[in-house]
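> Here it is: the structure, laid out below.
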Amino acid sequence: MVKRVLVLLALLGLAVGARYNLGTPISEELAAQYDLRPVVLPDGRGLPPGEGRVDEGERIYAEKCASCHGARGEGYPFNRLVAEPFPITPATEPAEFAIGNYWQYATTLYDYIRRAMPFGAEGTLTNEEVYHLVAFLLYMNGIIDAHEPINQKTLPQVKMPARELLQLDPETKRRFPWLTLP
């Protein structure tokens, strides 16, 4: 009896879905917009051509990022992006994590911004815009100079402070052994 009810509900769900065009396939153009391959690896493989500068990144940040991350990356209402480099310990609150003290590779910062930002319009930034934003955020965290261009060759060479601050746990051979990532 229960199986018959479940089958009936499933058929009813399919009928309702078909009536309201639920599950309508998306266009090839829309699918291509979200196909952000290749993945950018820590060593820089997968970085597209382009170049970013701090001044242009500041303009793009004010337009597309400040409403979520604060005017200068201080983090309101969402995560902070700018902080002084300091060691992350088990006592560090997640709200204290920022690019300057937590992010280990500048190249993966590029990849994350390209795939996940801006919120609600993910994947809509051009490669150039992402380079500009990365340049601005690295500058704001004191990692690069204001006139240093960021591109396919220079980004993998950026030395992130967190690479030195975050050591492998001797027991687990993992970084951040006290964090459980989703």
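In the structure tokens, chains take letters A, B, ... by order of appearance, with residues numbered from 1 within each chain and ligands from 1 in the order shown.
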Using DSSP on the backbone, list every residue of segment 13-168 of chain A that comes out as helix (DSSP H, G or I), and give them as a PyMOL selection string.
chain A and resi 13-19+28-33+54-64+66-69+94-96+99-102+106-116+127-140+155-157+161-165
> Among segment 4-178 of chain A, which residues carry a DSSP assignment of strand (DSSP E), reported as number ranges by chain?
A: 51-52, 150-151
> Neighbours of Asn141 of chain A within 9 Å (only C-alpha atoms; same-chain residues fewer than 2 positions away dropped), as an MDAnalysis selection string?
chainID A and resid 81:85 98:101 136:139 143:144
> Using only N, CA, C and O atoms, please write the residues we just selected to a file, as an mmCIF file, in the first residue's frame.

```cif
data_model
loop_
_atom_site.group_PDB
_atom_site.id
_atom_site.type_symbol
_atom_site.label_atom_id
_atom_site.label_comp_id
_atom_site.auth_asym_id
_atom_site.auth_seq_id
_atom_site.Cartn_x
_atom_site.Cartn_y
_atom_site.Cartn_z
ATOM 1 N N LEU A 81 38.014 40.404 4.307
ATOM 2 C CA LEU A 81 38.998 40.024 3.302
ATOM 3 C C LEU A 81 40.385 40.565 3.625
ATOM 4 O O LEU A 81 41.377 40.058 3.134
ATOM 5 N N VAL A 82 40.440 41.597 4.460
ATOM 6 C CA VAL A 82 41.702 42.274 4.751
ATOM 7 C C VAL A 82 42.009 42.136 6.237
ATOM 8 O O VAL A 82 41.151 42.385 7.087
ATOM 9 N N ALA A 83 43.243 41.720 6.532
ATOM 10 C CA ALA A 83 43.696 41.605 7.921
ATOM 11 C C ALA A 83 45.216 41.626 7.941
ATOM 12 O O ALA A 83 45.867 41.349 6.941
ATOM 13 N N GLU A 84 45.753 41.938 9.094
ATOM 14 C CA GLU A 84 47.194 41.839 9.281
ATOM 15 C C GLU A 84 47.578 40.371 9.296
ATOM 16 O O GLU A 84 46.846 39.548 9.853
ATOM 17 N N PRO A 85 48.725 40.026 8.721
ATOM 18 C CA PRO A 85 49.144 38.626 8.820
ATOM 19 C C PRO A 85 49.503 38.293 10.273
ATOM 20 O O PRO A 85 50.294 38.986 10.890
ATOM 21 N N ALA A 98 41.290 35.953 7.072
ATOM 22 C CA ALA A 98 41.238 36.847 5.925
ATOM 23 C C ALA A 98 42.314 36.408 4.929
ATOM 24 O O ALA A 98 43.094 35.498 5.211
ATOM 25 N N ILE A 99 42.366 37.070 3.810
ATOM 26 C CA ILE A 99 43.321 36.700 2.776
ATOM 27 C C ILE A 99 44.756 36.797 3.302
ATOM 28 O O ILE A 99 45.575 35.928 3.056
ATOM 29 N N GLY A 100 45.046 37.845 4.051
ATOM 30 C CA GLY A 100 46.407 38.079 4.521
ATOM 31 C C GLY A 100 46.914 37.099 5.552
ATOM 32 O O GLY A 100 48.122 36.951 5.723
ATOM 33 N N ASN A 101 46.042 36.425 6.259
ATOM 34 C CA ASN A 101 46.519 35.530 7.314
ATOM 35 C C ASN A 101 46.067 34.082 7.149
ATOM 36 O O ASN A 101 46.402 33.247 7.973
ATOM 37 N N PHE A 136 44.187 44.155 -6.155
ATOM 38 C CA PHE A 136 43.717 45.062 -5.115
ATOM 39 C C PHE A 136 43.696 44.381 -3.744
ATOM 40 O O PHE A 136 44.167 44.946 -2.751
ATOM 41 N N LEU A 137 43.176 43.166 -3.675
ATOM 42 C CA LEU A 137 43.086 42.470 -2.383
ATOM 43 C C LEU A 137 44.462 42.104 -1.840
ATOM 44 O O LEU A 137 44.698 42.193 -0.622
ATOM 45 N N LEU A 138 45.375 41.705 -2.702
ATOM 46 C CA LEU A 138 46.735 41.421 -2.231
ATOM 47 C C LEU A 138 47.406 42.700 -1.739
ATOM 48 O O LEU A 138 48.105 42.700 -0.721
ATOM 49 N N TYR A 139 47.180 43.800 -2.421
ATOM 50 C CA TYR A 139 47.715 45.091 -1.981
ATOM 51 C C TYR A 139 47.122 45.496 -0.632
ATOM 52 O O TYR A 139 47.846 45.917 0.273
ATOM 53 N N ILE A 143 50.567 42.497 0.791
ATOM 54 C CA ILE A 143 51.341 41.404 0.207
ATOM 55 C C ILE A 143 52.095 41.851 -1.047
ATOM 56 O O ILE A 143 53.194 41.368 -1.308
ATOM 57 N N ILE A 144 51.527 42.772 -1.817
ATOM 58 C CA ILE A 144 52.217 43.307 -2.995
ATOM 59 C C ILE A 144 52.213 44.827 -2.921
ATOM 60 O O ILE A 144 51.463 45.429 -2.144
#
```
> Which is closer to Glu129 of chain A than all the others in A:Asp111, A:Ala32, A:Gly52, A:Ala116, using only C-alpha atoms?
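When distances to Glu129 of chain A are compared using only C-alpha atoms, the smallest one comes from A:Gly52.
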> Can you work out which one of A:Asp145, A:Glu96, A:Glu128, A:Glu29 has the shortest atom-to-atom distance to Gly57 of chain A, counting only C-alpha atoms?
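Among A:Asp145, A:Glu96, A:Glu128, A:Glu29, it is A:Glu128 that comes nearest to Gly57 of chain A.
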> So how many Å separate atom CA of Thr24 of chain A and atom CA of Thr126 of chain A, to one decimal?
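Separating atom CA of Thr24 of chain A from atom CA of Thr126 of chain A is a distance of 27.4 Å.
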> Enter the distance from atom CA of Asn151 of chain A to atom CA of Ala62 of chain A, in Å, rounded to one decimal.
21.2 Å
